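Scroll down for the structure; my scribbles are underneath it.
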Amino acid sequence: MGLEGNYKGIMVYSEDIDTLFELISKSRELANQIQTDVSAILLGDRIEIIPNELAAYGVDKVYMVENPQLKGLIAEACAESISIIINRVKPEALFIGATKRGKELAPKIAEKLKTGCVSECVSLDIDKAKRDFIMKRIIFGGKVVSTHTIVKRPIIATIPPRIFEKKRIEGRAAQVIKIDLEIPSSKFEILEVKNKVVSGKKIEEASIVICGGRGLKQKEDFKLLDELANVLKGQVGCTRPIAADRGWFTEWIGLSGKKIKPNLYITVGISGAIQHVAGVRGAKVIVSINKDPEAPIFSESDYGIVGDLYKVIPALIEHLKKIK
Amino acid sequence: MKIVVCAKYALDVAELKISSGKPVLEGARRKVSDIDKNAVEAAISIKEKYGGIIKVLCFGPISAKEGLKELLAMGADEAYLIEDPSEGMLDTAATVEALALAIQKMDGFDLILCGEATIDGYTSQVGPRLAERLKVPQITYVRSIKIDGNNVIAERDLEDVYQTVKVPMPLLITVTREINTPRIPNLMAILKASKKPITIWKIEDLGLSKDKLEQISSLHTLSLEGFTVERKRIIIKDKPVDEAVQELISYLLKEKVLGV
């Protein structure tokens with residue numbers, strides 16, 4: 001492999017449709033800079049997405065693989081399909097949505113194709129002269145931004161949901177190419193799928209988020225935070241120990257969970273572990289309430305009150321009601 | 001049951017200092033990546049139920065011996081360290097090449113366990129790449145493991161669902177933090193572990209060279225910059241609750257973040 005120029009075009013894949021739209025929009029913008037095509041891959045045992053829906057975000061070609069082996073989108077079968085398409089089409093870049101499924105898929109494809117992969121890019125640019133992709137990600141627990149390039153082709157990168165905006169472009173159509181593949185049957189058997197109970201609205205989309213930590217003594221105490229969220233029209237989240245160790249909720253905010261960037265982030269009873277703070281770096285204003293004046297969260301906050309959350313939160317609710 | 005656990009002697013990111021906008025990597029403190037300890041703990045509980053041998057494998061600096069000693073004290077049986085000639089500058093493809101060749105040098109495996117990601121790089125790439133390189137199935141984001149004859153039955157934590165899967169061994173599993181609480185070895189265990197073997201391999205022992213690994217490693221790092229978000233750090237303390245709350249609200253109104 002090398003940079004001889006026989007690899008052209010940008011290809012995208014995500015099983016999450018909104019992320020796919022975002023990746024297409026960003027790829028369109030990059031492809032325009034280097035006058036090339038954007039293609040997308042759709043995989044499944046039955047594909048319900050209408051390929052022209054993708055055209056509305058700027059895709060030129062849609063490669064569709066419908067195959068019973070793709071039921072449940074098992075990583076092995078997806079990696080096999082995408083690698084075959086890449087070997088035929090030879091794109092210079094492959095962007096994959098950094099959902100958990102995407103994050104286990106991308107390195108498998110990279111290993112099959114013997115190329116490099118950047119995980120969870122937060123910025124993507126092109127050095128037009130060198131036709132190189134410049135990718136940034138956040139590492140070392142949120143303390144460092146690293147900038148990378150990949151010297152093989154295709155370059156592979158995963159991109160988290162909601163990093164780039166989806167933008168509709170009117171009057172475009174896409175060429176749809178159906179591909180028949182032999183996908184070996186998998187030893188991977190899915191026995192059971194349990195839906196997680198999640199609150200209706202996505203916390204990543206809320207402009208005000210209130211997050212509870214270990215300072216809350218029992219699950220019922222989260223009702224206090226719900227009440228505050230009601231007044232502020234915000235959403236309530238929690239830290240990893242609350243969700244994972246105590247099992248009170250199924251999702252958490254932090255590096256390994258939901259990464260969010262609300263306008264206002266209020267931490268309640270959170271000490272401020274680096275993995276948590278790394279997940280909210282992008283918040284515009286951070287407010288913290290904690291009884292321990294030495295809690296590390298205060299040095300990561302714009303405003304803070306040192307005090308008992310069981311007294312501060314009710315008072316905050318009362319005073320906010322007056323101005324709302 | 002032959003179990004191999006891959007562990008990284010990672011940068012202790014909580015201790016990492018930023019100086020003049022750059023991370024201070026020289027002499028920075030390292031420790032076994034947290035989630036890799038969950039992988040070792042998972043291996044120990046499998047061994048306790050089904051018997052077997054646990055080998056821990058690390059690609060890293062020679063100082064990683066300290067971390068491996070800790071994993072031996074937890075209950076691993078043997079440790080293997082492949083000395084990284086690059087001071088951590090190689091990408092996951094090169095790391096996986098070294099790990100794969102080392103595993104092939106051992107006498108087979110039923111299970112390979114890794115953490116879902118490491119605390120420093122957090123790429124989540126090594127597990128899936130290694131599974132692909134060794135041509136075995138992978139089960140990622142696992143929060144519980146059961147062995148049923150020759151099969152592993154595991155529960156995976158995906159964004160929207162918990163998925164229970166059944167896959168025949170040999171295979172590779174990446175675990176989440178929730179799977180267990182890693183034990184802290186006591187003094188007896190630490191003393192006993194000092195007799196357990198740590199094998200050190202140079203990459204040449206695996207048929208590799210620095211040039212070869214650099215060729216495989218196609219991800220280049222152009223820069224590392226401290227990512228600092230300057231916070232105002234206005235902390236209200238030693239004031240009556242009502243006064244403190246009113247002061248906070250006046251700040252937030254000025255910031256225009258209350259949606260009013």
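In the structure tokens, chains take letters A, B, ... by order of appearance, with residues numbered from 1 within each chain and ligands from 1 in the order shown.
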Query raised in the report: Counting only C-alpha atoms, which residues of chain A come no farther than 7 Å from chain B, as a ChimeraX atom specification?
Result: /A:100,103-104,107-108,111,115-117,119,139-141,143-152,187-196,232,244-245,263-264,274,298-306,312,315-316,324
Requested in this report: Looking only at strand (DSSP E or B) from DSSP on the backbone, list the matching residues of region 112-257 of chain A as an NGL selection string.
Outcome: :A and (117-118 or 121-127 or 132-139 or 144-150 or 155-159 or 175-178 or 189-195 or 208-212 or 235-238 or 253)
Can I get the selection written as a CSV table (one decimal), in the first residue's frame, with C-alpha atoms?
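Output saved as selection01.csv:
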chain,number,residue,atom,x,y,z
A,117,CYS,CA,-7.1,3.8,12.8
A,118,VAL,CA,-7.8,6.8,14.9
A,121,CYS,CA,-11.9,11.9,16.5
A,122,VAL,CA,-13.2,15.3,17.6
A,123,SER,CA,-11.9,17.1,14.6
A,124,LEU,CA,-11.2,16.2,10.9
A,125,ASP,CA,-9.3,18.3,8.4
A,126,ILE,CA,-7.5,17.8,5.1
A,127,ASP,CA,-4.0,19.0,4.2
A,132,ASP,CA,-3.5,14.0,4.1
A,133,PHE,CA,-6.2,13.7,6.7
A,134,ILE,CA,-5.4,15.5,10.0
A,135,MET,CA,-7.3,14.1,13.0
A,136,LYS,CA,-7.5,15.2,16.6
A,137,ARG,CA,-8.7,13.2,19.6
A,138,ILE,CA,-8.7,13.7,23.3
A,139,ILE,CA,-6.5,11.4,25.4
A,144,VAL,CA,-4.3,16.3,26.2
A,145,VAL,CA,-5.4,16.8,22.6
A,146,SER,CA,-3.4,14.7,20.2
A,147,THR,CA,-3.1,15.3,16.5
A,148,HIS,CA,-2.6,12.4,14.1
A,149,THR,CA,-2.2,11.5,10.5
A,150,ILE,CA,-2.1,8.0,8.9
A,155,ILE,CA,-7.2,5.9,6.7
A,156,ILE,CA,-9.8,4.8,9.2
A,157,ALA,CA,-11.3,6.9,11.9
A,158,THR,CA,-14.2,6.6,14.2
A,159,ILE,CA,-16.2,9.7,15.0
A,175,GLN,CA,-26.4,5.9,-7.2
A,176,VAL,CA,-27.4,2.7,-5.4
A,177,ILE,CA,-25.2,-0.3,-5.8
A,178,LYS,CA,-26.4,-3.6,-4.4
A,189,GLU,CA,-24.9,-16.6,18.6
A,190,ILE,CA,-27.1,-13.9,20.2
A,191,LEU,CA,-29.3,-15.6,22.9
A,192,GLU,CA,-31.1,-12.6,24.3
A,193,VAL,CA,-31.4,-8.9,23.9
A,194,LYS,CA,-32.7,-6.7,26.8
A,195,ASN,CA,-33.6,-3.1,26.2
A,208,ILE,CA,-29.0,22.1,31.0
A,209,VAL,CA,-27.8,18.9,32.7
A,210,ILE,CA,-27.9,18.1,36.5
A,211,CYS,CA,-25.7,15.2,37.5
A,212,GLY,CA,-25.8,13.3,40.8
A,235,GLN,CA,-32.2,16.6,32.3
A,236,VAL,CA,-30.8,14.5,35.1
A,237,GLY,CA,-27.8,12.2,34.8
A,238,CYS,CA,-25.5,10.4,37.1
A,253,ILE,CA,-22.0,10.7,32.2
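Interatomic distance, CA of Ile147 (chain B) to CA of Tyr50 (chain B): 8.3 Å.
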Query raised in the report: Which polymer residues have any atom within 8 Å of an atom of Ala102 (chain B), counting only C-alpha atoms, with same-chain residues fewer than 4 positions away left out, as a list in words?
Result: Ile82, Ala98, Met106 and Leu206 of chain B
Requested in this report: List the neighbours of Ile169 (chain A) out to 7 Å using only C-alpha atoms; skip same-chain residues closer than 3 positions along the sequence, and give me the result as an MDAnalysis selection string.
Outcome: chainID A and resid 56:58 172
Report task. Identify, on the basis of only C-alpha atoms, every residue whose closest approach to Met64 (chain A) does not exceed 9 Å; exclude the query and any residue fewer than 6 positions from it along the same chain; express the result as an NGL selection string. Result -> :A and (40-44 or 47 or 51 or 176-180)
Would you save the residues of that selection, restricted to N, CA and C atoms, as a short mmCIF file (atom, residue, chain, number, x, y, z; two decimals), in the first residue's frame?
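In the end it all went to result_36.cif:
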data_model
loop_
_atom_site.label_atom_id
_atom_site.label_comp_id
_atom_site.auth_asym_id
_atom_site.auth_seq_id
_atom_site.Cartn_x
_atom_site.Cartn_y
_atom_site.Cartn_z
N ALA A 40 -21.52 5.76 0.95
CA ALA A 40 -21.95 5.23 2.25
C ALA A 40 -22.23 3.74 2.09
N ILE A 41 -22.09 3.03 3.21
CA ILE A 41 -22.38 1.60 3.21
C ILE A 41 -23.61 1.35 4.08
N LEU A 42 -24.54 0.57 3.59
CA LEU A 42 -25.67 0.12 4.40
C LEU A 42 -25.60 -1.39 4.52
N LEU A 43 -25.68 -1.89 5.75
CA LEU A 43 -25.61 -3.34 5.99
C LEU A 43 -26.84 -3.79 6.77
N GLY A 44 -27.29 -5.00 6.53
CA GLY A 44 -28.38 -5.55 7.34
C GLY A 44 -28.95 -6.79 6.71
N ILE A 47 -32.80 -4.11 4.93
CA ILE A 47 -32.46 -2.69 5.07
C ILE A 47 -33.70 -1.85 4.84
N PRO A 51 -32.09 4.64 0.37
CA PRO A 51 -30.78 5.21 0.02
C PRO A 51 -30.85 6.71 -0.36
N VAL A 176 -27.30 3.84 -6.36
CA VAL A 176 -27.38 2.73 -5.41
C VAL A 176 -26.78 1.47 -6.02
N ILE A 177 -25.82 0.90 -5.31
CA ILE A 177 -25.15 -0.29 -5.84
C ILE A 177 -25.39 -1.44 -4.87
N LYS A 178 -26.17 -2.43 -5.31
CA LYS A 178 -26.42 -3.59 -4.45
C LYS A 178 -25.30 -4.59 -4.63
N ILE A 179 -24.78 -5.08 -3.52
CA ILE A 179 -23.65 -6.01 -3.60
C ILE A 179 -24.04 -7.34 -2.97
N ASP A 180 -23.81 -8.41 -3.71
CA ASP A 180 -24.04 -9.75 -3.16
C ASP A 180 -22.72 -10.27 -2.62
#
Query - Contacts of Asp77 (chain B) at 12 Å (only C-alpha atoms; same-chain gap of 6+ positions) as a ChimeraX atom specification - result: /B:2-5,40,43-44,47,51-57,68-71,189,192-199
Report summary line: Correct to one decimal, the distance CA of Gly60 (chain B)-CA of Asp84 (chain B) is 4.8 Å
Query raised in the report: So which bits of region 72-284 of chain A end up alpha helix (DSSP H) when you DSSP the backbone, as a PyMOL selection string?
Result: chain A and resi 75-89+100-113+222-232+240+274-278
